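Enquirer: Here you go, this is start23.json (JSON, C-alpha atoms).
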```json
[["chain", "number", "residue", "atom", "x", "y", "z"],
["A", 75, "MET", "CA", -62.50, 100.64, 45.01],
["A", 76, "VAL", "CA", -64.67, 100.44, 48.11],
["A", 77, "ARG", "CA", -65.17, 96.69, 47.62],
["A", 78, "ALA", "CA", -61.41, 96.07, 47.42],
["A", 79, "ILE", "CA", -60.85, 97.88, 50.70],
["A", 80, "ALA", "CA", -63.68, 95.95, 52.39],
["A", 81, "PHE", "CA", -62.22, 92.66, 51.16],
["A", 82, "ALA", "CA", -58.75, 93.51, 52.43],
["A", 83, "ALA", "CA", -60.10, 94.44, 55.85],
["A", 84, "THR", "CA", -62.09, 91.22, 56.00],
["A", 85, "GLY", "CA", -59.00, 89.16, 55.10],
["A", 86, "VAL", "CA", -57.09, 90.57, 58.07],
["A", 87, "ALA", "CA", -59.93, 89.77, 60.47],
["A", 88, "THR", "CA", -60.01, 86.04, 59.62],
["A", 89, "VAL", "CA", -57.07, 85.04, 61.83],
["A", 90, "ARG", "CA", -57.75, 81.65, 63.40],
["A", 91, "ALA", "CA", -57.16, 80.81, 67.03],
["A", 92, "ALA", "CA", -54.66, 78.06, 67.80],
["A", 93, "THR", "CA", -54.75, 75.45, 70.54],
["A", 94, "TYR", "CA", -51.57, 74.59, 72.47],
["A", 95, "THR", "CA", -51.02, 71.77, 74.97],
["A", 96, "VAL", "CA", -49.56, 72.11, 78.46],
["A", 97, "THR", "CA", -48.93, 68.81, 80.23],
["A", 98, "ALA", "CA", -48.80, 68.04, 83.97],
["A", 99, "ASN", "CA", -46.03, 65.47, 84.31],
["A", 100, "LEU", "CA", -45.02, 62.68, 86.69],
["A", 101, "ASP", "CA", -41.88, 64.66, 87.63],
["A", 102, "MET", "CA", -44.04, 67.44, 89.13],
["A", 103, "THR", "CA", -43.56, 69.93, 86.29],
["A", 104, "PHE", "CA", -45.73, 71.50, 83.63],
["A", 105, "THR", "CA", -44.41, 71.26, 80.05],
["A", 106, "PRO", "CA", -43.92, 73.89, 78.86],
["A", 107, "ALA", "CA", -43.67, 75.77, 82.16],
["A", 108, "SER", "CA", -44.38, 79.06, 80.40],
["A", 109, "ILE", "CA", -45.97, 79.73, 77.06],
["A", 110, "THR", "CA", -46.76, 82.84, 75.00],
["A", 111, "ILE", "CA", -49.91, 82.84, 72.90],
["A", 112, "TYR", "CA", -52.12, 85.31, 71.07],
["A", 113, "GLN", "CA", -55.38, 86.67, 72.43],
["A", 114, "GLY", "CA", -58.17, 84.20, 71.58],
["A", 115, "ASP", "CA", -55.89, 81.15, 71.48],
["A", 116, "LYS", "CA", -56.58, 78.14, 73.72],
["A", 117, "ILE", "CA", -54.52, 76.06, 76.09],
["A", 118, "ARG", "CA", -55.35, 72.38, 76.46],
["A", 119, "PHE", "CA", -54.13, 71.35, 79.92],
["A", 120, "GLU", "CA", -53.81, 67.61, 80.50],
["A", 121, "ASN", "CA", -52.61, 65.30, 83.24],
["A", 122, "ALA", "CA", -50.10, 62.83, 81.82],
["A", 123, "GLY", "CA", -49.48, 61.10, 85.15],
["A", 124, "GLY", "CA", -49.23, 61.85, 88.83],
["A", 125, "LEU", "CA", -51.54, 63.39, 91.40],
["A", 126, "HIS", "CA", -52.23, 66.82, 89.89],
["A", 127, "ASN", "CA", -54.77, 69.55, 89.42],
["A", 128, "LEU", "CA", -54.74, 73.05, 87.98],
["A", 129, "ILE", "CA", -55.52, 76.22, 89.94],
["A", 130, "ALA", "CA", -55.27, 79.76, 88.51],
["A", 131, "ASP", "CA", -53.36, 82.23, 90.69],
["A", 132, "ASP", "CA", -56.33, 84.58, 90.51],
["A", 133, "GLY", "CA", -58.91, 81.81, 91.02],
["A", 134, "SER", "CA", -60.41, 82.26, 87.55],
["A", 135, "PHE", "CA", -60.12, 78.54, 86.72],
["A", 136, "ALA", "CA", -59.60, 75.28, 88.58],
["A", 137, "CYS", "CA", -59.58, 71.73, 87.29],
["A", 138, "GLY", "CA", -58.91, 68.21, 88.49],
["A", 139, "TYR", "CA", -60.44, 64.93, 87.36],
["A", 140, "ASN", "CA", -63.94, 66.36, 86.88],
["A", 141, "CYS", "CA", -63.53, 70.05, 86.17],
["A", 142, "ASN", "CA", -67.27, 70.76, 86.47],
["A", 143, "THR", "CA", -67.74, 69.52, 90.02],
["A", 144, "ASN", "CA", -64.35, 68.60, 91.46],
["A", 145, "SER", "CA", -61.03, 70.44, 91.16],
["A", 146, "ALA", "CA", -59.16, 68.31, 93.72],
["A", 147, "PRO", "CA", -55.85, 66.74, 92.61],
["A", 148, "SER", "CA", -56.36, 63.45, 90.78],
["A", 149, "ASP", "CA", -54.08, 60.74, 89.41],
["A", 150, "ARG", "CA", -56.56, 60.04, 86.61],
["A", 151, "HIS", "CA", -56.07, 61.40, 83.12],
["A", 152, "TRP", "CA", -57.94, 64.69, 82.75],
["A", 153, "VAL", "CA", -58.08, 67.35, 80.05],
["A", 154, "TYR", "CA", -59.22, 70.95, 80.41],
["A", 155, "THR", "CA", -59.22, 73.51, 77.58],
["A", 156, "ILE", "CA", -59.35, 77.25, 78.28],
["A", 157, "ALA", "CA", -59.64, 80.13, 75.80],
["A", 158, "PHE", "CA", -57.53, 83.12, 76.82],
["A", 159, "ASN", "CA", -59.38, 86.19, 75.56],
["A", 160, "GLN", "CA", -57.65, 88.95, 77.54],
["A", 161, "PRO", "CA", -54.02, 90.05, 77.19],
["A", 162, "GLY", "CA", -51.87, 89.59, 80.29],
["A", 163, "THR", "CA", -49.91, 86.98, 82.19],
["A", 164, "PHE", "CA", -51.86, 84.25, 83.94],
["A", 165, "GLY", "CA", -50.12, 82.06, 86.51],
["A", 166, "TYR", "CA", -51.32, 78.64, 87.62],
["A", 167, "TYR", "CA", -50.14, 75.82, 89.86],
["A", 168, "CYS", "CA", -50.86, 72.30, 91.10],
["A", 169, "GLU", "CA", -52.04, 72.64, 94.69],
["A", 170, "GLN", "CA", -50.60, 69.21, 95.57],
["A", 171, "HIS", "CA", -47.04, 70.19, 94.52],
["A", 172, "GLY", "CA", -46.96, 73.99, 94.33],
["A", 173, "ASN", "CA", -48.49, 77.27, 95.43],
["A", 174, "LEU", "CA", -48.69, 80.92, 94.39],
["A", 175, "THR", "CA", -44.92, 81.42, 94.63],
["A", 176, "SER", "CA", -43.06, 78.13, 94.17],
["A", 177, "GLY", "CA", -43.16, 74.46, 93.26],
["A", 178, "MET", "CA", -45.16, 73.04, 90.37],
["A", 179, "ARG", "CA", -46.37, 76.13, 88.59],
["A", 180, "GLY", "CA", -46.53, 77.71, 85.16],
["A", 181, "SER", "CA", -47.73, 80.77, 83.30],
["A", 182, "VAL", "CA", -49.51, 81.77, 80.12],
["A", 183, "THR", "CA", -48.64, 85.14, 78.59],
["A", 184, "VAL", "CA", -51.32, 86.40, 76.22],
["A", 185, "ILE", "CA", -50.39, 89.07, 73.70],
["A", 186, "ASP", "CA", -52.72, 91.15, 71.56],
["A", 187, "ARG", "CA", -51.95, 90.27, 67.94],
["A", 188, "VAL", "CA", -53.12, 93.68, 66.68],
["A", 189, "PHE", "CA", -50.37, 95.58, 68.50],
["A", 190, "VAL", "CA", -47.52, 93.17, 67.77],
["A", 191, "ASP", "CA", -45.13, 93.69, 64.86],
["A", 192, "GLY", "CA", -45.40, 90.73, 62.53],
["A", 193, "PHE", "CA", -48.79, 89.76, 63.97],
["A", 194, "ASP", "CA", -49.35, 87.31, 61.16],
["A", 195, "THR", "CA", -46.50, 85.06, 62.32],
["A", 196, "PRO", "CA", -46.87, 82.49, 65.12],
["A", 197, "PRO", "CA", -45.81, 83.54, 68.65],
["A", 198, "PRO", "CA", -42.43, 82.22, 69.85],
["A", 199, "ALA", "CA", -44.08, 79.52, 71.97],
["A", 200, "ALA", "CA", -45.64, 77.96, 68.88],
["A", 201, "LEU", "CA", -42.43, 75.95, 68.56],
["A", 202, "ALA", "CA", -43.26, 74.25, 71.86],
["A", 203, "TYR", "CA", -46.85, 73.27, 71.13],
["A", 204, "TYR", "CA", -47.80, 69.68, 70.44]]
```
Go ahead and render the structure in this file as C-alpha cells.

Expert:
Amino acid sequence: MVRAIAFAATGVATVRAATYTVTANLDMTFTPASITIYQGDKIRFENAGGLHNLIADDGSFACGYNCNTNSAPSDRHWVYTIAFNQPGTFGYYCEQHGNLTSGMRGSVTVIDRVFVDGFDTPPPAALAYY
C-alpha cells in the first residue's frame, strides 16, 4: 500500500515544462502581447524583423543581438530563452519602440500549477504558442 501511494505521488511530480514563443515583429508589436504560462515554463523570445531588443520592466533580463554582452536594439535575428520560475506578472518592452508604460510592450503571467484547478491541463495561452 505504501508503494502505491509513493508511485502516485511521483506521477504527479513529473509534469514537464513547456516552451512558448514570443516574437518581436516588424510592425512594432510582440506576438502574443501577453501570455499565461505555468511556473517553470520557458518563453523563447525572438526578433523576426525590425530594430528591437527586450528589456524587463524590473531589469531582471535584457537582450538584443548578443544577450551576453550587448542588449542594445538590433535588426539582426536574435533568440533569447528565459525560464520563469516564480509566479507573478512580468512586463517587458523594446526600448527602441516602447517604455515602462506604453508602446511596444508585453507581459508574461506565471501561475503556480499546484494551486490551479485542473492543473494538468494546458494554460489558456497554450493555444497561442508556436

Enquirer: Do a neighbour search on A:Asn127 at 8 Å with only C-alpha atoms, toss out local chain neighbours closer than 5 positions, and write the hits as a ChimeraX atom specification.

Expert: /A:121,136-139,145-148,167-170

Enquirer: Write out as a compact mmCIF listing (two decimals) with C-alpha atoms, in the coordinates of the input the residues lying within 6 Å of A:Tyr112, counting all atoms listed in the file and excluding same-chain residues fewer than 6 positions away.

Expert:
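Saved file selection-v7.txt follows:
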```txt
# COMPACT_ATOMS: atom_id res chain seq x y z
CA VAL A 184 -51.32 86.40 76.22
CA ILE A 185 -50.39 89.07 73.70
CA ASP A 186 -52.72 91.15 71.56
CA ARG A 187 -51.95 90.27 67.94
```

Enquirer: Give me the residues within 10 Å of A:Ser134 as an MDAnalysis selection string, counting only C-alpha atoms and dropping any in the same chain fewer than 5 places off.

Expert: chainID A and resid 129 164 166

Enquirer: Quick one: of A:Gln113, A:Ser108, A:Asn144, A:Asn159, who's nearest to A:Val182, counting only C-alpha atoms?

Expert: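 The answer is A:Ser108, which sits nearest to A:Val182.
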
Enquirer: With a distance cut-off of 7 Å and all atoms listed in the file, select the neighbouring residues of A:Val153, excluding the residue or stretch itself and same-chain residues fewer than 5 positions from it, and output the selection as a list in words.

Expert: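 Result of the neighbour search: Arg118, Phe119, Glu120 and Asn121 of chain A.
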
Enquirer: Work out how far atom CA of A:Thr143 is from atom CA of A:Ser181, in Å to one decimal.

Expert: 23.9 Å

Enquirer: Go ahead and compute the interatomic distance for atom CA of A:Thr163 and atom CA of A:Phe135, in Å to one decimal.

Expert: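 Atom CA of A:Thr163 sits 14.0 Å away from atom CA of A:Phe135.
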
Enquirer: Can you pull out the residues contacting A:Gly114? Cut-off 7 Å, using all atoms listed in the file, and skip same-chain residues under 4 positions away; I want them as a PDB file with C-alpha atoms, in the coordinates of the input.

Expert:
```
ATOM      1  CA  ALA A  91     -57.160  80.810  67.030  1.00  0.00           C
ATOM      2  CA  ALA A 157     -59.640  80.130  75.800  1.00  0.00           C
ATOM      3  CA  PHE A 158     -57.530  83.120  76.820  1.00  0.00           C
ATOM      4  CA  ASN A 159     -59.380  86.190  75.560  1.00  0.00           C
TER       5      ASN A 159
END
```

Enquirer: Find the distance between atom CA of A:Asn142 and atom CA of A:Thr103 and write it in Å to one decimal.

Expert: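 Distance reported for this atom pair: 23.7 Å.
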
Enquirer: Taking all listed atoms of stretch 118-125 of chain A, build the axis-aligned box, pad each of the six sides by 5 Å, then write its centre and edge lengths in Å to one decimal as lines of an AutoDock Vina configuration file.

Expert:
```
center_x = -52.3
center_y = 66.7
center_z = 83.9
size_x = 16.1
size_y = 21.3
size_z = 24.9
```

Enquirer: Could stretch 178-189 of chain A be completed with all heavy atoms and returned as a PDB file, in the coordinates of the input?

Expert:
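The file below, out24.pdb, is the result:
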```
ATOM      1  N   MET A 178     -44.615  73.381  91.685  1.00  0.00           N
ATOM      2  CA  MET A 178     -45.160  73.040  90.370  1.00  0.00           C
ATOM      3  C   MET A 178     -46.107  74.133  89.915  1.00  0.00           C
ATOM      4  O   MET A 178     -47.262  74.185  90.306  1.00  0.00           O
ATOM      5  CB  MET A 178     -45.875  71.692  90.441  1.00  0.00           C
ATOM      6  CG  MET A 178     -46.369  71.185  89.121  1.00  0.00           C
ATOM      7  SD  MET A 178     -47.118  69.555  89.324  1.00  0.00           S
ATOM      8  CE  MET A 178     -47.703  69.299  87.655  1.00  0.00           C
ATOM      9  N   ARG A 179     -45.574  75.017  89.084  1.00  0.00           N
ATOM     10  CA  ARG A 179     -46.370  76.130  88.590  1.00  0.00           C
ATOM     11  C   ARG A 179     -45.974  76.488  87.168  1.00  0.00           C
ATOM     12  O   ARG A 179     -44.945  76.040  86.674  1.00  0.00           O
ATOM     13  CB  ARG A 179     -46.314  77.338  89.512  1.00  0.00           C
ATOM     14  CG  ARG A 179     -45.017  77.836  89.999  1.00  0.00           C
ATOM     15  CD  ARG A 179     -45.150  79.085  90.891  1.00  0.00           C
ATOM     16  NE  ARG A 179     -45.770  80.183  90.185  1.00  0.00           N
ATOM     17  CZ  ARG A 179     -47.057  80.563  90.327  1.00  0.00           C
ATOM     18  NH1 ARG A 179     -47.846  79.971  91.173  1.00  0.00           N
ATOM     19  NH2 ARG A 179     -47.540  81.555  89.620  1.00  0.00           N
ATOM     20  N   GLY A 180     -46.796  77.278  86.525  1.00  0.00           N
ATOM     21  CA  GLY A 180     -46.530  77.710  85.160  1.00  0.00           C
ATOM     22  C   GLY A 180     -47.236  79.024  84.885  1.00  0.00           C
ATOM     23  O   GLY A 180     -47.925  79.569  85.749  1.00  0.00           O
ATOM     24  N   SER A 181     -47.060  79.517  83.666  1.00  0.00           N
ATOM     25  CA  SER A 181     -47.730  80.770  83.300  1.00  0.00           C
ATOM     26  C   SER A 181     -48.035  80.802  81.808  1.00  0.00           C
ATOM     27  O   SER A 181     -47.340  80.189  80.995  1.00  0.00           O
ATOM     28  CB  SER A 181     -46.858  81.973  83.674  1.00  0.00           C
ATOM     29  OG  SER A 181     -45.684  81.988  82.893  1.00  0.00           O
ATOM     30  N   VAL A 182     -49.100  81.515  81.501  1.00  0.00           N
ATOM     31  CA  VAL A 182     -49.510  81.770  80.120  1.00  0.00           C
ATOM     32  C   VAL A 182     -49.456  83.275  79.921  1.00  0.00           C
ATOM     33  O   VAL A 182     -50.096  84.026  80.660  1.00  0.00           O
ATOM     34  CB  VAL A 182     -50.948  81.267  79.855  1.00  0.00           C
ATOM     35  CG1 VAL A 182     -51.390  81.621  78.437  1.00  0.00           C
ATOM     36  CG2 VAL A 182     -51.058  79.775  80.107  1.00  0.00           C
ATOM     37  N   THR A 183     -48.679  83.729  78.947  1.00  0.00           N
ATOM     38  CA  THR A 183     -48.640  85.140  78.590  1.00  0.00           C
ATOM     39  C   THR A 183     -49.433  85.305  77.300  1.00  0.00           C
ATOM     40  O   THR A 183     -49.152  84.643  76.300  1.00  0.00           O
ATOM     41  CB  THR A 183     -47.186  85.634  78.389  1.00  0.00           C
ATOM     42  OG1 THR A 183     -46.481  85.446  79.613  1.00  0.00           O
ATOM     43  CG2 THR A 183     -47.152  87.102  77.993  1.00  0.00           C
ATOM     44  N   VAL A 184     -50.431  86.169  77.354  1.00  0.00           N
ATOM     45  CA  VAL A 184     -51.320  86.400  76.220  1.00  0.00           C
ATOM     46  C   VAL A 184     -51.032  87.773  75.650  1.00  0.00           C
ATOM     47  O   VAL A 184     -51.099  88.773  76.361  1.00  0.00           O
ATOM     48  CB  VAL A 184     -52.800  86.300  76.656  1.00  0.00           C
ATOM     49  CG1 VAL A 184     -53.724  86.506  75.460  1.00  0.00           C
ATOM     50  CG2 VAL A 184     -53.076  84.967  77.338  1.00  0.00           C
ATOM     51  N   ILE A 185     -50.688  87.800  74.361  1.00  0.00           N
ATOM     52  CA  ILE A 185     -50.390  89.070  73.700  1.00  0.00           C
ATOM     53  C   ILE A 185     -51.484  89.388  72.682  1.00  0.00           C
ATOM     54  O   ILE A 185     -52.093  88.493  72.112  1.00  0.00           O
ATOM     55  CB  ILE A 185     -48.995  89.070  73.039  1.00  0.00           C
ATOM     56  CG1 ILE A 185     -48.840  87.915  72.056  1.00  0.00           C
ATOM     57  CG2 ILE A 185     -47.912  89.010  74.097  1.00  0.00           C
ATOM     58  CD1 ILE A 185     -47.508  87.901  71.318  1.00  0.00           C
ATOM     59  N   ASP A 186     -51.715  90.665  72.495  1.00  0.00           N
ATOM     60  CA  ASP A 186     -52.720  91.150  71.560  1.00  0.00           C
ATOM     61  C   ASP A 186     -52.091  91.199  70.175  1.00  0.00           C
ATOM     62  O   ASP A 186     -51.172  91.980  69.936  1.00  0.00           O
ATOM     63  CB  ASP A 186     -53.188  92.541  72.002  1.00  0.00           C
ATOM     64  CG  ASP A 186     -54.309  93.092  71.150  1.00  0.00           C
ATOM     65  OD1 ASP A 186     -54.521  92.599  70.019  1.00  0.00           O
ATOM     66  OD2 ASP A 186     -54.966  94.026  71.610  1.00  0.00           O
ATOM     67  N   ARG A 187     -52.570  90.377  69.261  1.00  0.00           N
ATOM     68  CA  ARG A 187     -51.950  90.270  67.940  1.00  0.00           C
ATOM     69  C   ARG A 187     -52.038  91.568  67.127  1.00  0.00           C
ATOM     70  O   ARG A 187     -51.230  91.803  66.258  1.00  0.00           O
ATOM     71  CB  ARG A 187     -52.498  89.090  67.156  1.00  0.00           C
ATOM     72  CG  ARG A 187     -53.816  89.241  66.553  1.00  0.00           C
ATOM     73  CD  ARG A 187     -54.222  88.053  65.670  1.00  0.00           C
ATOM     74  NE  ARG A 187     -54.403  86.823  66.394  1.00  0.00           N
ATOM     75  CZ  ARG A 187     -53.669  85.736  66.189  1.00  0.00           C
ATOM     76  NH1 ARG A 187     -52.725  85.731  65.301  1.00  0.00           N
ATOM     77  NH2 ARG A 187     -53.898  84.651  66.874  1.00  0.00           N
ATOM     78  N   VAL A 188     -52.973  92.438  67.430  1.00  0.00           N
ATOM     79  CA  VAL A 188     -53.120  93.680  66.680  1.00  0.00           C
ATOM     80  C   VAL A 188     -51.953  94.625  66.935  1.00  0.00           C
ATOM     81  O   VAL A 188     -51.516  95.339  66.055  1.00  0.00           O
ATOM     82  CB  VAL A 188     -54.463  94.366  67.037  1.00  0.00           C
ATOM     83  CG1 VAL A 188     -54.569  95.725  66.392  1.00  0.00           C
ATOM     84  CG2 VAL A 188     -55.621  93.475  66.626  1.00  0.00           C
ATOM     85  N   PHE A 189     -51.415  94.629  68.151  1.00  0.00           N
ATOM     86  CA  PHE A 189     -50.370  95.580  68.500  1.00  0.00           C
ATOM     87  C   PHE A 189     -48.971  94.975  68.485  1.00  0.00           C
ATOM     88  O   PHE A 189     -48.045  95.531  69.040  1.00  0.00           O
ATOM     89  CB  PHE A 189     -50.657  96.174  69.886  1.00  0.00           C
ATOM     90  CG  PHE A 189     -51.912  96.983  69.881  1.00  0.00           C
ATOM     91  CD1 PHE A 189     -53.057  96.502  70.505  1.00  0.00           C
ATOM     92  CD2 PHE A 189     -51.987  98.191  69.220  1.00  0.00           C
ATOM     93  CE1 PHE A 189     -54.237  97.235  70.484  1.00  0.00           C
ATOM     94  CE2 PHE A 189     -53.152  98.927  69.199  1.00  0.00           C
ATOM     95  CZ  PHE A 189     -54.282  98.441  69.824  1.00  0.00           C
TER      96      PHE A 189
END
```
